[in-house]
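data20.pdb follows (PDB, C-alpha atoms):
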```pdb
MODEL        1
ATOM      1  CA  ALA A 228      49.171   6.884 189.105
ATOM      2  CA  GLN A 229      49.164   7.834 192.792
ATOM      3  CA  LEU A 230      48.772   4.240 193.934
ATOM      4  CA  SER A 231      51.533   3.146 191.569
ATOM      5  CA  PHE A 232      53.850   5.850 192.900
ATOM      6  CA  THR A 233      53.031   4.896 196.502
ATOM      7  CA  ARG A 234      53.874   1.267 195.768
ATOM      8  CA  GLU A 235      57.157   2.304 194.188
ATOM      9  CA  LEU A 236      58.028   4.426 197.238
ATOM     10  CA  VAL A 237      57.143   1.616 199.669
ATOM     11  CA  ARG A 238      59.483  -0.688 197.747
ATOM     12  CA  HIS A 239      62.443   1.479 198.804
ATOM     13  CA  PRO A 240      63.817   0.093 202.090
ATOM     14  CA  SER A 241      64.263   3.496 203.684
ATOM     15  CA  LEU A 242      65.370   2.554 207.164
ATOM     16  CA  ARG A 243      66.715   5.422 209.273
ATOM     17  CA  THR A 244      70.017   6.711 207.823
ATOM     18  CA  ARG A 245      69.398   4.673 204.631
ATOM     19  CA  GLU A 246      66.697   6.818 203.039
ATOM     20  CA  GLY A 247      68.801   7.764 199.995
ATOM     21  CA  SER A 248      66.978   5.840 197.270
ATOM     22  CA  ALA A 249      63.559   6.979 198.513
ATOM     23  CA  GLN A 250      64.812  10.568 198.703
ATOM     24  CA  ASP A 251      66.105  10.244 195.127
ATOM     25  CA  LEU A 252      62.680   9.047 193.959
ATOM     26  CA  LEU A 253      60.898  11.931 195.700
ATOM     27  CA  TYR A 254      63.421  14.449 194.386
ATOM     28  CA  ALA A 255      62.908  13.251 190.808
ATOM     29  CA  ALA A 256      59.111  13.245 191.150
ATOM     30  CA  MET A 257      59.073  16.821 192.444
ATOM     31  CA  ALA A 258      61.547  17.984 189.795
ATOM     32  CA  GLU A 259      59.373  16.402 187.075
ATOM     33  CA  ARG A 260      56.514  18.602 188.289
ATOM     34  CA  GLY A 261      58.635  21.708 187.848
ATOM     35  CA  LEU A 262      59.460  22.439 191.472
ATOM     36  CA  GLU A 263      62.631  24.310 192.378
ATOM     37  CA  MET A 264      64.639  21.596 194.107
ATOM     38  CA  ASP A 265      66.933  21.622 197.106
ATOM     39  CA  ARG A 266      68.875  18.858 198.855
ATOM     40  CA  TRP A 267      70.884  19.269 202.038
ATOM     41  CA  GLU A 268      72.512  17.354 204.871
ATOM     42  CA  LEU A 269      71.601  18.130 208.452
ATOM     43  CA  ASP A 270      74.291  19.732 210.570
ATOM     44  CA  PRO A 271      74.119  18.366 214.133
ATOM     45  CA  ALA A 272      76.083  21.344 215.494
ATOM     46  CA  ASP A 273      73.586  23.808 213.997
ATOM     47  CA  LEU A 274      70.630  21.753 215.176
ATOM     48  CA  SER A 275      71.956  21.476 218.728
ATOM     49  CA  THR A 276      71.419  25.202 219.288
ATOM     50  CA  HIS A 277      67.686  24.986 218.572
ATOM     51  CA  GLU A 278      65.454  25.041 221.669
ATOM     52  CA  GLY A 279      63.543  21.985 220.444
ATOM     53  CA  PHE A 280      66.645  19.904 219.706
ATOM     54  CA  GLY A 281      66.693  16.353 220.989
ATOM     55  CA  PRO A 282      69.977  14.453 220.798
ATOM     56  CA  VAL A 283      70.018  11.451 218.472
ATOM     57  CA  ALA A 284      72.211   8.373 218.528
ATOM     58  CA  VAL A 285      72.647   8.050 214.746
ATOM     59  CA  SER A 286      75.008   9.891 212.457
ATOM     60  CA  TYR A 287      73.588  12.423 210.025
ATOM     61  CA  GLU A 288      76.483  11.793 207.636
ATOM     62  CA  ASN A 289      75.166  11.118 204.107
ATOM     63  CA  VAL A 290      71.560  11.588 205.280
ATOM     64  CA  THR A 291      69.876  14.164 203.101
ATOM     65  CA  ASN A 292      66.623  16.057 203.132
ATOM     66  CA  VAL A 293      64.945  17.052 199.897
ATOM     67  CA  GLY A 294      62.517  19.850 199.284
ATOM     68  CA  GLY A 295      60.693  21.321 196.349
ATOM     69  CA  THR A 296      59.385  24.864 196.076
ATOM     70  CA  SER A 297      56.717  26.149 193.730
ATOM     71  CA  ARG A 298      56.846  29.865 193.100
ATOM     72  CA  PRO A 299      53.647  31.074 191.427
ATOM     73  CA  ALA A 300      53.887  33.859 188.857
ATOM     74  CA  ALA A 301      51.686  36.085 191.021
ATOM     75  CA  GLY A 302      52.547  36.233 194.719
ATOM     76  CA  ARG A 303      48.986  36.441 196.057
ATOM     77  CA  GLY A 304      47.449  34.409 198.820
ATOM     78  CA  ARG A 305      48.970  32.273 201.528
ATOM     79  CA  SER A 306      51.811  29.786 201.609
ATOM     80  CA  LEU A 307      51.339  26.061 202.031
ATOM     81  CA  ILE A 308      53.882  23.511 203.217
ATOM     82  CA  LEU A 309      53.359  19.820 202.462
ATOM     83  CA  ASN A 310      55.910  17.662 204.251
ATOM     84  CA  GLY A 311      56.587  14.293 205.769
ATOM     85  CA  HIS A 312      59.281  11.687 206.380
ATOM     86  CA  ASP A 313      60.257   8.623 204.424
ATOM     87  CA  ASP A 314      62.277   6.784 207.061
ATOM     88  CA  VAL A 315      60.596   3.719 208.511
ATOM     89  CA  VAL A 316      61.049   1.590 211.609
ATOM     90  CA  PRO A 317      63.087  -1.615 211.234
ATOM     91  CA  GLU A 318      61.191  -4.554 209.798
ATOM     92  CA  GLY A 319      62.088  -6.935 212.623
ATOM     93  CA  PRO A 320      62.663 -10.650 212.166
ATOM     94  CA  ALA A 321      62.166 -11.832 208.575
ATOM     95  CA  GLU A 322      60.261 -14.914 209.786
ATOM     96  CA  ALA A 323      57.575 -12.643 211.235
ATOM     97  CA  TRP A 324      56.611 -11.544 207.712
ATOM     98  CA  SER A 325      54.523 -13.641 205.333
ATOM     99  CA  ARG A 326      56.141 -11.731 202.447
ATOM    100  CA  SER A 327      58.820  -9.090 202.059
ATOM    101  CA  PRO A 328      58.014  -5.869 203.938
ATOM    102  CA  TRP A 329      59.068  -4.034 200.777
ATOM    103  CA  ASP A 330      56.711  -5.765 198.281
ATOM    104  CA  ALA A 331      53.764  -3.336 198.700
ATOM    105  CA  PRO A 332      50.948  -5.671 197.665
ATOM    106  CA  VAL A 333      47.373  -4.407 197.646
ATOM    107  CA  ILE A 334      45.121  -7.029 199.228
ATOM    108  CA  ASP A 335      41.391  -6.462 199.694
ATOM    109  CA  GLY A 336      41.885  -2.753 199.064
ATOM    110  CA  TRP A 337      44.721  -2.324 201.588
ATOM    111  CA  MET A 338      48.376  -1.763 200.754
ATOM    112  CA  TYR A 339      50.820  -3.670 202.929
ATOM    113  CA  GLY A 340      54.492  -2.927 203.417
ATOM    114  CA  ARG A 341      56.812  -0.938 205.591
ATOM    115  CA  GLY A 342      55.805   2.726 205.430
ATOM    116  CA  ALA A 343      52.624   2.159 203.413
ATOM    117  CA  GLY A 344      50.508   3.966 206.000
ATOM    118  CA  ASP A 345      53.102   6.100 207.767
ATOM    119  CA  MET A 346      54.297   8.054 205.999
ATOM    120  CA  LYS A 347      54.893   7.067 202.399
ATOM    121  CA  ALA A 348      51.212   7.181 201.438
ATOM    122  CA  GLY A 349      51.107  10.685 202.918
ATOM    123  CA  LEU A 350      54.118  11.782 200.875
ATOM    124  CA  ALA A 351      52.480  10.444 197.729
ATOM    125  CA  ALA A 352      49.219  12.209 198.640
ATOM    126  CA  ASN A 353      51.148  15.481 199.098
ATOM    127  CA  LEU A 354      52.789  15.098 195.729
ATOM    128  CA  PHE A 355      49.568  14.296 193.892
ATOM    129  CA  ALA A 356      47.621  16.993 195.733
ATOM    130  CA  PHE A 357      50.159  19.497 194.453
TER
ENDMDL
END
```

Rewrite the structure from the file as structure tokens, please.
Amino acid sequence: AQLSFTRELVRHPSLRTREGSAQDLLYAAMAERGLEMDRWELDPADLSTHEGFGPVAVSYENVTNVGGTSRPAAGRGRSLILNGHDDVVPEGPAEAWSRSPWDAPVIDGWMYGRGAGDMKAGLAANLFAF
């Protein structure tokens, strides 16, 4: 099930500022597991006041973050945050690929495709670890 989910996530062409369909998939998967869901857009003005802010050249308009929170019945123990990103670097020239970068084939035990190693497999691992 985890491998299947990872393949499905890799198949979403989530280039920077176009992560919407991948975010929708992650949102639905977390909601199905009973997490309290949140979705928000970044506010560049708010971010610019943070000491670690680094200016970016892309617009945050229509770029959302999603998060799921599990609140146990008994509030004992520590908190744990599992996070990652689903945006990927551009795929480059199509002729450089022997197949689509969004196919996610598993060949000789390795999954290929944009984001298969960083960071979509990590997001799937987070979800299934939960």

Seminar exercise, completed: Taken to one decimal, the CA of Gly311 (chain A)-CA of Met257 (chain A) distance is 13.8 Å

Taking the file above as input, evaluate the PyMOL selection byres ((chain A and resi 312) around 10) and report the hits as a PDB file with C-alpha atoms, in the frame of the given file.
```pdb
ATOM      1  CA  SER A 241      64.263   3.496 203.684  1.00  0.00           C
ATOM      2  CA  GLU A 246      66.697   6.818 203.039  1.00  0.00           C
ATOM      3  CA  GLN A 250      64.812  10.568 198.703  1.00  0.00           C
ATOM      4  CA  ASN A 292      66.623  16.057 203.132  1.00  0.00           C
ATOM      5  CA  ASN A 310      55.910  17.662 204.251  1.00  0.00           C
ATOM      6  CA  GLY A 311      56.587  14.293 205.769  1.00  0.00           C
ATOM      7  CA  ASP A 313      60.257   8.623 204.424  1.00  0.00           C
ATOM      8  CA  ASP A 314      62.277   6.784 207.061  1.00  0.00           C
ATOM      9  CA  VAL A 315      60.596   3.719 208.511  1.00  0.00           C
ATOM     10  CA  GLY A 342      55.805   2.726 205.430  1.00  0.00           C
ATOM     11  CA  ASP A 345      53.102   6.100 207.767  1.00  0.00           C
ATOM     12  CA  MET A 346      54.297   8.054 205.999  1.00  0.00           C
ATOM     13  CA  LYS A 347      54.893   7.067 202.399  1.00  0.00           C
ATOM     14  CA  GLY A 349      51.107  10.685 202.918  1.00  0.00           C
ATOM     15  CA  LEU A 350      54.118  11.782 200.875  1.00  0.00           C
TER      16      LEU A 350
END
```

For this session: For each of A:Glu278, A:Glu322, A:Asp251, A:Asp273, take the minimum atom-to-atom distance to Val290 (chain A), counting only C-alpha atoms, then give the residue where this is smallest.
Result: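 Checking each candidate against Val290 (chain A), we get A:Asp251 as the closest.
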
Exercise. Between A:Gly247, A:Gly340, A:Gly281, A:Gly304, which is the closest to Glu318 (chain A) once you count only C-alpha atoms?
Worked result: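 Answer, going by the shortest atom-to-atom distance: A:Gly340.
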
For this session: Run the PyMOL selection byres ((chain A and resi 253-256) around 12) mentally over the shown coordinates, then write out the matched residues as a VMD selection string, using the chain letters and numbers from the document.
Result: chain A and resid 228 to 229 232 to 233 235 to 237 239 246 to 252 257 to 267 291 to 296 310 to 313 347 350 to 351 353 to 355 357

Filtering to C-alpha atoms, could you give me those residues as an mmCIF file, in the frame of the given file?
```
data_model
loop_
_atom_site.group_PDB
_atom_site.id
_atom_site.type_symbol
_atom_site.label_atom_id
_atom_site.label_comp_id
_atom_site.auth_asym_id
_atom_site.auth_seq_id
_atom_site.Cartn_x
_atom_site.Cartn_y
_atom_site.Cartn_z
ATOM 1 C CA ALA A 228 49.171 6.884 189.105
ATOM 2 C CA GLN A 229 49.164 7.834 192.792
ATOM 3 C CA PHE A 232 53.850 5.850 192.900
ATOM 4 C CA THR A 233 53.031 4.896 196.502
ATOM 5 C CA GLU A 235 57.157 2.304 194.188
ATOM 6 C CA LEU A 236 58.028 4.426 197.238
ATOM 7 C CA VAL A 237 57.143 1.616 199.669
ATOM 8 C CA HIS A 239 62.443 1.479 198.804
ATOM 9 C CA GLU A 246 66.697 6.818 203.039
ATOM 10 C CA GLY A 247 68.801 7.764 199.995
ATOM 11 C CA SER A 248 66.978 5.840 197.270
ATOM 12 C CA ALA A 249 63.559 6.979 198.513
ATOM 13 C CA GLN A 250 64.812 10.568 198.703
ATOM 14 C CA ASP A 251 66.105 10.244 195.127
ATOM 15 C CA LEU A 252 62.680 9.047 193.959
ATOM 16 C CA MET A 257 59.073 16.821 192.444
ATOM 17 C CA ALA A 258 61.547 17.984 189.795
ATOM 18 C CA GLU A 259 59.373 16.402 187.075
ATOM 19 C CA ARG A 260 56.514 18.602 188.289
ATOM 20 C CA GLY A 261 58.635 21.708 187.848
ATOM 21 C CA LEU A 262 59.460 22.439 191.472
ATOM 22 C CA GLU A 263 62.631 24.310 192.378
ATOM 23 C CA MET A 264 64.639 21.596 194.107
ATOM 24 C CA ASP A 265 66.933 21.622 197.106
ATOM 25 C CA ARG A 266 68.875 18.858 198.855
ATOM 26 C CA TRP A 267 70.884 19.269 202.038
ATOM 27 C CA THR A 291 69.876 14.164 203.101
ATOM 28 C CA ASN A 292 66.623 16.057 203.132
ATOM 29 C CA VAL A 293 64.945 17.052 199.897
ATOM 30 C CA GLY A 294 62.517 19.850 199.284
ATOM 31 C CA GLY A 295 60.693 21.321 196.349
ATOM 32 C CA THR A 296 59.385 24.864 196.076
ATOM 33 C CA ASN A 310 55.910 17.662 204.251
ATOM 34 C CA GLY A 311 56.587 14.293 205.769
ATOM 35 C CA HIS A 312 59.281 11.687 206.380
ATOM 36 C CA ASP A 313 60.257 8.623 204.424
ATOM 37 C CA LYS A 347 54.893 7.067 202.399
ATOM 38 C CA LEU A 350 54.118 11.782 200.875
ATOM 39 C CA ALA A 351 52.480 10.444 197.729
ATOM 40 C CA ASN A 353 51.148 15.481 199.098
ATOM 41 C CA LEU A 354 52.789 15.098 195.729
ATOM 42 C CA PHE A 355 49.568 14.296 193.892
ATOM 43 C CA PHE A 357 50.159 19.497 194.453
#
```

Problem set entry | Residue IDs satisfying the PyMOL selection byres ((chain A and resi 328) around 8), as a PyMOL selection string | chain A and resi 318+324+326-327+329-331+339-341

Exercise. Which is closer to Tyr287 (chain A) than all the others in A:Pro317, A:Pro332, A:Pro271, A:Pro240, using only C-alpha atoms?
Worked result: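 Answer, going by the shortest atom-to-atom distance: A:Pro271.
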
Problem set entry | Nearest candidate to Ala343 (chain A) (options A:Val316, A:Leu309, A:Val283, A:Leu269; using only C-alpha atoms) |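 With only C-alpha atoms as the atom set, the closest residue is A:Val316.
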
For this session: Go ahead and compute the interatomic distance for CA of Arg245 (chain A) and CA of Glu288 (chain A), in Å to one decimal.
Result: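 CA of Arg245 (chain A) sits 10.5 Å away from CA of Glu288 (chain A).
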
For this session: Could you jot down the CA of Glu268 (chain A) to CA of Gly302 (chain A) separation for me, Å, one decimal place?
Result: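 CA of Glu268 (chain A) sits 29.3 Å away from CA of Gly302 (chain A).
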
Mind working out the centre and edge lengths of an axis-aligned box for region 245-260 of chain A, all listed atoms inside, 6 Å added to each side, rounded to one decimal in Å and written as lines of an AutoDock Vina configuration file?
```
center_x = 63.0
center_y = 11.6
center_z = 195.9
size_x = 24.9
size_y = 25.9
size_z = 29.6
```
